[in-house]
>>> print(open('query-v2.txt').read())   # compact mmCIF, C-alpha atoms
# COMPACT_ATOMS: atom_id res chain seq x y z
CA MET A 224 -14.43 5.96 5.61
CA THR A 225 -16.95 6.00 8.45
CA LEU A 226 -20.71 5.71 8.06
CA GLU A 227 -21.05 9.38 8.99
CA GLU A 228 -18.60 10.33 6.22
CA PHE A 229 -20.47 8.13 3.73
CA LEU A 230 -23.77 9.81 4.61
CA SER A 231 -22.24 13.28 4.48
CA GLU A 232 -20.55 12.58 1.14
CA ASN A 233 -23.96 11.60 -0.26
CA ASN A 234 -25.81 14.60 1.26
CA ILE A 235 -27.86 12.43 3.62
CA LYS A 236 -28.81 14.00 6.92
CA PRO A 237 -29.74 11.29 9.44
CA LYS A 238 -32.22 13.54 11.26
CA GLU A 239 -34.16 14.06 8.02
CA LEU A 240 -34.50 10.38 7.09
CA ILE A 241 -38.02 9.00 6.73
CA GLN A 242 -38.37 5.26 7.30
CA LEU A 243 -39.97 3.54 4.32
CA GLY A 244 -40.00 0.01 5.61
CA GLU A 245 -38.30 -2.77 7.45
CA GLY A 246 -37.83 -6.33 6.27
CA GLU A 247 -36.09 -9.55 7.12
CA ASN A 248 -32.68 -8.26 6.06
CA GLY A 249 -32.78 -4.55 6.70
CA ILE A 250 -34.33 -1.11 6.78
CA ALA A 251 -34.95 1.47 4.06
CA TRP A 252 -35.22 5.24 4.53
CA LYS A 253 -36.10 8.03 2.13
CA SER A 254 -33.77 11.00 1.83
CA ASN A 255 -34.77 13.61 -0.74
CA HIS A 256 -35.18 11.65 -3.99
CA ASN A 257 -33.09 8.71 -2.88
CA VAL A 258 -33.30 5.66 -0.65
CA LEU A 259 -30.72 4.68 1.93
CA LYS A 260 -30.83 0.94 2.48
CA GLN A 261 -29.16 -0.79 5.43
CA THR A 262 -29.00 -4.55 5.00
CA THR A 263 -27.40 -7.65 6.45
CA SER A 264 -27.68 -9.46 3.11
CA GLU A 265 -24.36 -10.05 1.38
CA THR A 266 -26.13 -10.92 -1.87
CA GLU A 267 -28.20 -7.73 -1.84
CA TYR A 268 -25.02 -5.72 -1.32
CA ALA A 269 -23.25 -7.62 -4.11
CA PHE A 270 -26.17 -6.85 -6.43
CA ALA A 271 -25.99 -3.17 -5.46
CA LYS A 272 -22.26 -3.20 -6.17
CA LYS A 273 -22.88 -4.55 -9.69
CA GLN A 274 -25.82 -2.18 -10.26
CA LEU A 275 -23.52 0.79 -9.55
CA LYS A 276 -22.44 0.32 -13.17
CA GLY A 277 -26.07 0.49 -14.35
CA LYS A 278 -26.03 -3.03 -15.78
CA TRP A 279 -29.76 -3.61 -15.45
CA PRO A 280 -32.02 -0.80 -16.69
CA ASN A 281 -35.10 -2.48 -15.23
CA PHE A 282 -33.88 -1.98 -11.66
CA ALA A 283 -33.57 1.23 -9.66
CA PRO A 284 -30.19 2.89 -10.17
CA ILE A 285 -27.65 2.53 -7.37
CA TYR A 286 -25.52 5.60 -6.66
CA SER A 287 -23.21 4.63 -3.82
CA ILE A 288 -22.32 1.69 -1.58
CA TYR A 289 -20.64 1.30 1.80
CA LYS A 290 -20.01 -1.48 4.29
CA ASN A 291 -18.80 -1.62 7.84
CA GLU A 292 -18.26 -4.55 10.21
CA GLU A 293 -21.95 -4.89 10.93
CA TYR A 294 -24.02 -3.80 7.90
CA TYR A 295 -24.04 -3.12 4.19
CA PHE A 296 -25.44 0.20 2.90
CA TYR A 297 -26.39 1.49 -0.50
CA ILE A 298 -28.10 4.52 -1.93
CA SER A 299 -30.56 4.06 -4.77
CA LYS A 300 -33.07 6.15 -6.67
CA TYR A 301 -36.39 6.56 -4.88
CA LEU A 302 -39.27 5.07 -6.88
CA GLU A 303 -42.86 6.12 -6.28
CA THR A 304 -44.88 3.09 -5.22
CA SER A 305 -48.55 2.88 -6.07
CA SER A 306 -51.54 0.61 -5.53
CA GLU A 307 -51.99 0.87 -9.31
CA ILE A 308 -48.84 -1.25 -9.76
CA GLU A 309 -50.25 -3.89 -7.42
CA ASP A 310 -53.58 -3.91 -9.29
CA LEU A 311 -51.88 -4.22 -12.68
CA TYR A 312 -49.51 -6.89 -11.39
CA PHE A 313 -52.36 -9.03 -10.09
CA ASN A 314 -54.33 -8.50 -13.33
CA VAL A 315 -51.37 -9.82 -15.33
CA GLU A 316 -50.79 -12.64 -12.84
CA THR A 317 -54.44 -13.70 -13.18
CA ILE A 318 -54.22 -13.58 -16.98
CA ILE A 319 -51.08 -15.72 -17.26
CA SER A 320 -52.28 -18.15 -14.59
CA CYS A 321 -55.09 -19.13 -17.01
CA GLN A 322 -52.34 -20.87 -18.99
CA GLY A 323 -50.91 -22.44 -15.83
CA LEU A 324 -48.01 -19.99 -15.60
CA CYS A 325 -46.51 -18.13 -12.65
CA MET A 326 -44.94 -14.67 -12.99
CA MET A 327 -41.43 -16.03 -13.52
CA GLU A 328 -42.81 -17.97 -16.54
CA ILE A 329 -44.43 -14.92 -18.16
CA HIS A 330 -42.26 -15.35 -21.29
CA ALA A 331 -44.09 -18.61 -22.07
CA PHE A 332 -47.48 -16.88 -22.18
CA ASP A 333 -49.22 -17.47 -25.52
CA MET A 334 -50.39 -14.01 -26.59
CA GLU A 335 -52.42 -15.44 -29.47
CA GLU A 336 -54.85 -16.95 -26.98
CA TYR A 337 -55.57 -13.68 -25.19
CA ILE A 338 -56.73 -10.16 -25.96
CA PHE A 339 -55.94 -7.65 -23.22
CA GLU A 340 -58.95 -5.72 -21.93
CA SER A 341 -57.00 -2.48 -21.62
CA GLU A 342 -53.92 -0.89 -23.16
CA GLU A 343 -52.70 -0.16 -19.65
CA THR A 344 -52.70 -3.86 -18.69
CA GLU A 345 -51.00 -4.81 -21.95
CA ALA A 346 -48.34 -2.14 -21.44
CA PHE A 347 -47.74 -3.38 -17.89
CA TYR A 348 -47.52 -6.97 -19.17
CA ASN A 349 -44.82 -5.86 -21.63
CA ARG A 350 -42.98 -4.01 -18.85
CA LEU A 351 -43.11 -7.14 -16.67
CA LEU A 352 -41.59 -9.16 -19.52
CA GLU A 353 -38.50 -6.93 -19.31
CA ILE A 354 -38.35 -6.92 -15.51
CA VAL A 355 -38.73 -10.71 -15.27
CA ARG A 356 -36.04 -11.14 -17.93
CA ASP A 357 -33.60 -9.21 -15.71
CA TYR A 358 -34.73 -11.11 -12.60
CA LYS A 359 -33.83 -14.34 -14.40
CA ARG A 360 -30.51 -12.93 -15.60
CA ILE A 361 -29.39 -12.23 -12.06
CA GLY A 362 -30.86 -15.40 -10.58
CA ALA A 363 -33.55 -13.69 -8.49
CA SER A 364 -37.05 -15.05 -8.10
CA ASP A 365 -38.66 -12.83 -5.46
CA ILE A 366 -40.59 -10.64 -7.90
CA LYS A 367 -43.54 -8.91 -6.27
CA PRO A 368 -45.44 -5.66 -6.75
CA ASP A 369 -44.27 -4.35 -3.36
CA ASN A 370 -40.78 -4.06 -4.87
CA MET A 371 -41.77 -2.01 -7.91
CA GLY A 372 -42.25 1.69 -8.39
CA TYR A 373 -42.39 4.47 -10.96
CA ASN A 374 -39.32 6.51 -11.79
CA GLU A 375 -39.53 10.22 -12.64
CA ASN A 376 -40.49 9.32 -16.24
CA GLY A 377 -43.36 7.05 -15.20
CA VAL A 378 -41.46 3.85 -16.03
CA VAL A 379 -41.96 0.91 -13.67
CA LEU A 380 -38.69 -0.40 -12.22
CA ALA A 381 -37.90 -3.03 -9.61
CA PHE A 382 -36.01 -2.35 -6.39
CA ASP A 383 -34.89 -4.12 -3.18
CA ILE A 384 -33.43 -7.13 -4.97
CA ASP A 385 -32.05 -9.94 -2.87
CA LEU A 386 -30.72 -13.09 -4.45
CA ASN A 387 -31.16 -16.58 -3.12
CA PRO A 388 -28.02 -17.33 -1.06
CA ASN A 389 -27.64 -20.57 -3.07
CA ASP A 390 -27.17 -18.46 -6.23
CA LYS A 391 -24.67 -16.01 -4.79
CA GLN A 392 -21.56 -17.42 -6.47
CA ARG A 393 -22.70 -16.59 -10.00
CA LEU A 394 -24.58 -13.79 -11.62
CA ARG A 395 -26.04 -13.92 -15.10
CA MET A 396 -25.23 -10.82 -17.07
CA GLY A 397 -26.43 -9.16 -20.24
CA PRO A 398 -28.54 -10.29 -23.16
CA ASP A 399 -26.25 -13.18 -24.07
CA PHE A 400 -26.65 -14.69 -20.59
CA HIS A 401 -22.90 -15.20 -20.20
CA ARG A 402 -21.75 -15.79 -16.66
CA GLU A 403 -19.50 -13.78 -14.41
CA ILE A 404 -18.21 -14.53 -10.93
CA PHE A 405 -20.63 -12.83 -8.54
CA PHE A 406 -18.24 -12.12 -5.74
CA ASP A 407 -15.07 -10.86 -7.36
CA ASN A 408 -13.30 -9.91 -4.11
CA LYS A 409 -13.00 -6.27 -5.18
>>> encode(input="query-v2.txt", output="structure tokens")
Amino acid sequence: MTLEEFLSENNIKPKELIQLGEGENGIAWKSNHNVLKQTTSETEYAFAKKQLKGKWPNFAPIYSIYKNEEYYFYISKYLETSSEIEDLYFNVETIISCQGLCMMEIHAFDMEEYIFESEETEAFYNRLLEIVRDYKRIGASDIKPDNMGYNENGVVLAFDIDLNPNDKQRLRMGPDFHREIFFDNK
């Protein structure tokens, strides 16, 4: 399959793509209600390949993947980003830092020592608990509000996940944290 065939099969018209952003490993474009991501990251592509099966409900769904000699591509659900997510994220980060914790340590936060000022912040804290749990399960640590957005139901999900290259041989899966070979040569 060629890239043109991949795009056509997924109803993506290159002339209608809107660039969303560009990072160290690639470029993302919006197409209708989806995102086309082009990346050079093998670990990001491997994550997308696993997410095709919908393993992690706290990450944007992946619908299709493709690779050629030069790049990896995947199509995911478009999530609506918002400055509200950034504000809530930094509120929660400030709250947990009072106990000397960073975001990846949010599960150690002692709730008995704190009363949330708003239901919205508490709800976002609870959502972050779930997102961070999945980040840990897959071995990722690059959690940031720039990579979060609302789905069509108003649920915050993470997107644009790239694993540390040192962690690329294994991927933690599921609630029992059993391990599976990350690159299964399929």
>>> closest_residue(input="query-v2.txt", among="A:Tyr301, A:Glu342, A:Asn314, A:Tyr358", to="Glu375 in chain A", atoms="all atoms listed in the file")
A:Tyr301
>>> closest_residue(input="query-v2.txt", among="A:Leu259, A:Ala271, A:Ala251, A:Met224", to="Asn291 in chain A", atoms="only C-alpha atoms")
A:Met224
>>> atom_distance(input="query-v2.txt", atom1="CA of Lys238 in chain A", atom2="CA of Lys290 in chain A")
20.6 Å
>>> closest_residue(input="query-v2.txt", among="A:Cys325, A:Val258, A:Leu302, A:Val378", to="Ala346 in chain A", atoms="all atoms listed in the file")
A:Val378
>>> closest_residue(input="query-v2.txt", among="A:Asn370, A:Asn376, A:Glu353, A:Phe339", to="Gly246 in chain A", atoms="only C-alpha atoms")
A:Asn370
>>> atom_distance(input="query-v2.txt", atom1="CA of Ser305 in chain A", atom2="CA of Gly377 in chain A")
11.3 Å
>>> residues_around(input="query-v2.txt", residues="Lys253 in chain A", least_positions_apart="4", cutoff="9 Å", atoms="all atoms listed in the file", output="tab-separated table (two decimals) with C-alpha atoms, in the frame of the given file")
chain	number	residue	atom	x	y	z
A	239	GLU	CA	-34.16	14.06	8.02
A	240	LEU	CA	-34.50	10.38	7.09
A	241	ILE	CA	-38.02	9.00	6.73
A	242	GLN	CA	-38.37	5.26	7.30
A	243	LEU	CA	-39.97	3.54	4.32
A	257	ASN	CA	-33.09	8.71	-2.88
A	258	VAL	CA	-33.30	5.66	-0.65
A	259	LEU	CA	-30.72	4.68	1.93
A	260	LYS	CA	-30.83	0.94	2.48
A	301	TYR	CA	-36.39	6.56	-4.88
>>> atom_distance(input="query-v2.txt", atom1="CA of Tyr297 in chain A", atom2="CA of Lys272 in chain A")
8.4 Å
>>> residues_around(input="query-v2.txt", residues="Leu351 in chain A", least_positions_apart="4", cutoff="10 Å", atoms="all atoms listed in the file", output="list in words")
Asn281, Tyr312, Val315, Met326, Met327, Ile329, His330, Glu345, Ala346, Phe347, Val355, Arg356, Asp357, Ile366, Val379, Leu380 and Ala381 of chain A
>>> build_atoms(input="query-v2.txt", residues="range 289-308 of chain A", atoms="N, CA and C atoms", output="PDB file, in the frame of the given file")
ATOM      1  N   TYR A 289     -21.545   1.211   0.646  1.00  0.00           N
ATOM      2  CA  TYR A 289     -20.640   1.300   1.800  1.00  0.00           C
ATOM      3  C   TYR A 289     -20.880   0.075   2.670  1.00  0.00           C
ATOM      4  N   LYS A 290     -19.831  -0.406   3.310  1.00  0.00           N
ATOM      5  CA  LYS A 290     -20.010  -1.480   4.290  1.00  0.00           C
ATOM      6  C   LYS A 290     -19.111  -1.219   5.486  1.00  0.00           C
ATOM      7  N   ASN A 291     -19.616  -1.636   6.631  1.00  0.00           N
ATOM      8  CA  ASN A 291     -18.800  -1.620   7.840  1.00  0.00           C
ATOM      9  C   ASN A 291     -18.809  -3.034   8.410  1.00  0.00           C
ATOM     10  N   GLU A 292     -18.359  -3.209   9.628  1.00  0.00           N
ATOM     11  CA  GLU A 292     -18.260  -4.550  10.210  1.00  0.00           C
ATOM     12  C   GLU A 292     -19.620  -5.201  10.425  1.00  0.00           C
ATOM     13  N   GLU A 293     -20.645  -4.384  10.554  1.00  0.00           N
ATOM     14  CA  GLU A 293     -21.950  -4.890  10.930  1.00  0.00           C
ATOM     15  C   GLU A 293     -22.976  -4.940   9.802  1.00  0.00           C
ATOM     16  N   TYR A 294     -22.973  -3.925   8.914  1.00  0.00           N
ATOM     17  CA  TYR A 294     -24.020  -3.800   7.900  1.00  0.00           C
ATOM     18  C   TYR A 294     -23.446  -3.412   6.540  1.00  0.00           C
ATOM     19  N   TYR A 295     -24.295  -3.611   5.540  1.00  0.00           N
ATOM     20  CA  TYR A 295     -24.040  -3.120   4.190  1.00  0.00           C
ATOM     21  C   TYR A 295     -25.026  -1.968   3.953  1.00  0.00           C
ATOM     22  N   PHE A 296     -24.590  -0.957   3.215  1.00  0.00           N
ATOM     23  CA  PHE A 296     -25.440   0.200   2.900  1.00  0.00           C
ATOM     24  C   PHE A 296     -25.343   0.494   1.410  1.00  0.00           C
ATOM     25  N   TYR A 297     -26.448   0.947   0.851  1.00  0.00           N
ATOM     26  CA  TYR A 297     -26.390   1.490  -0.500  1.00  0.00           C
ATOM     27  C   TYR A 297     -27.444   2.569  -0.658  1.00  0.00           C
ATOM     28  N   ILE A 298     -27.175   3.428  -1.625  1.00  0.00           N
ATOM     29  CA  ILE A 298     -28.100   4.520  -1.930  1.00  0.00           C
ATOM     30  C   ILE A 298     -28.622   4.286  -3.337  1.00  0.00           C
ATOM     31  N   SER A 299     -29.934   4.273  -3.461  1.00  0.00           N
ATOM     32  CA  SER A 299     -30.560   4.060  -4.770  1.00  0.00           C
ATOM     33  C   SER A 299     -31.564   5.175  -5.045  1.00  0.00           C
ATOM     34  N   LYS A 300     -32.042   5.196  -6.254  1.00  0.00           N
ATOM     35  CA  LYS A 300     -33.070   6.150  -6.670  1.00  0.00           C
ATOM     36  C   LYS A 300     -34.381   5.787  -5.973  1.00  0.00           C
ATOM     37  N   TYR A 301     -35.069   6.785  -5.468  1.00  0.00           N
ATOM     38  CA  TYR A 301     -36.390   6.560  -4.880  1.00  0.00           C
ATOM     39  C   TYR A 301     -37.393   6.366  -6.011  1.00  0.00           C
ATOM     40  N   LEU A 302     -38.201   5.329  -5.914  1.00  0.00           N
ATOM     41  CA  LEU A 302     -39.270   5.070  -6.880  1.00  0.00           C
ATOM     42  C   LEU A 302     -40.609   5.246  -6.168  1.00  0.00           C
ATOM     43  N   GLU A 303     -41.530   5.870  -6.845  1.00  0.00           N
ATOM     44  CA  GLU A 303     -42.860   6.120  -6.280  1.00  0.00           C
ATOM     45  C   GLU A 303     -43.698   4.845  -6.370  1.00  0.00           C
ATOM     46  N   THR A 304     -44.037   4.289  -5.222  1.00  0.00           N
ATOM     47  CA  THR A 304     -44.880   3.090  -5.220  1.00  0.00           C
ATOM     48  C   THR A 304     -46.338   3.503  -5.365  1.00  0.00           C
ATOM     49  N   SER A 305     -47.152   2.556  -5.800  1.00  0.00           N
ATOM     50  CA  SER A 305     -48.550   2.880  -6.070  1.00  0.00           C
ATOM     51  C   SER A 305     -49.401   1.613  -6.011  1.00  0.00           C
ATOM     52  N   SER A 306     -50.618   1.753  -5.529  1.00  0.00           N
ATOM     53  CA  SER A 306     -51.540   0.610  -5.530  1.00  0.00           C
ATOM     54  C   SER A 306     -51.898   0.232  -6.969  1.00  0.00           C
ATOM     55  N   GLU A 307     -51.734   1.157  -7.897  1.00  0.00           N
ATOM     56  CA  GLU A 307     -51.990   0.870  -9.310  1.00  0.00           C
ATOM     57  C   GLU A 307     -51.046  -0.240  -9.804  1.00  0.00           C
ATOM     58  N   ILE A 308     -49.795  -0.208  -9.366  1.00  0.00           N
ATOM     59  CA  ILE A 308     -48.840  -1.250  -9.760  1.00  0.00           C
ATOM     60  C   ILE A 308     -49.313  -2.604  -9.242  1.00  0.00           C
TER      61      ILE A 308
END
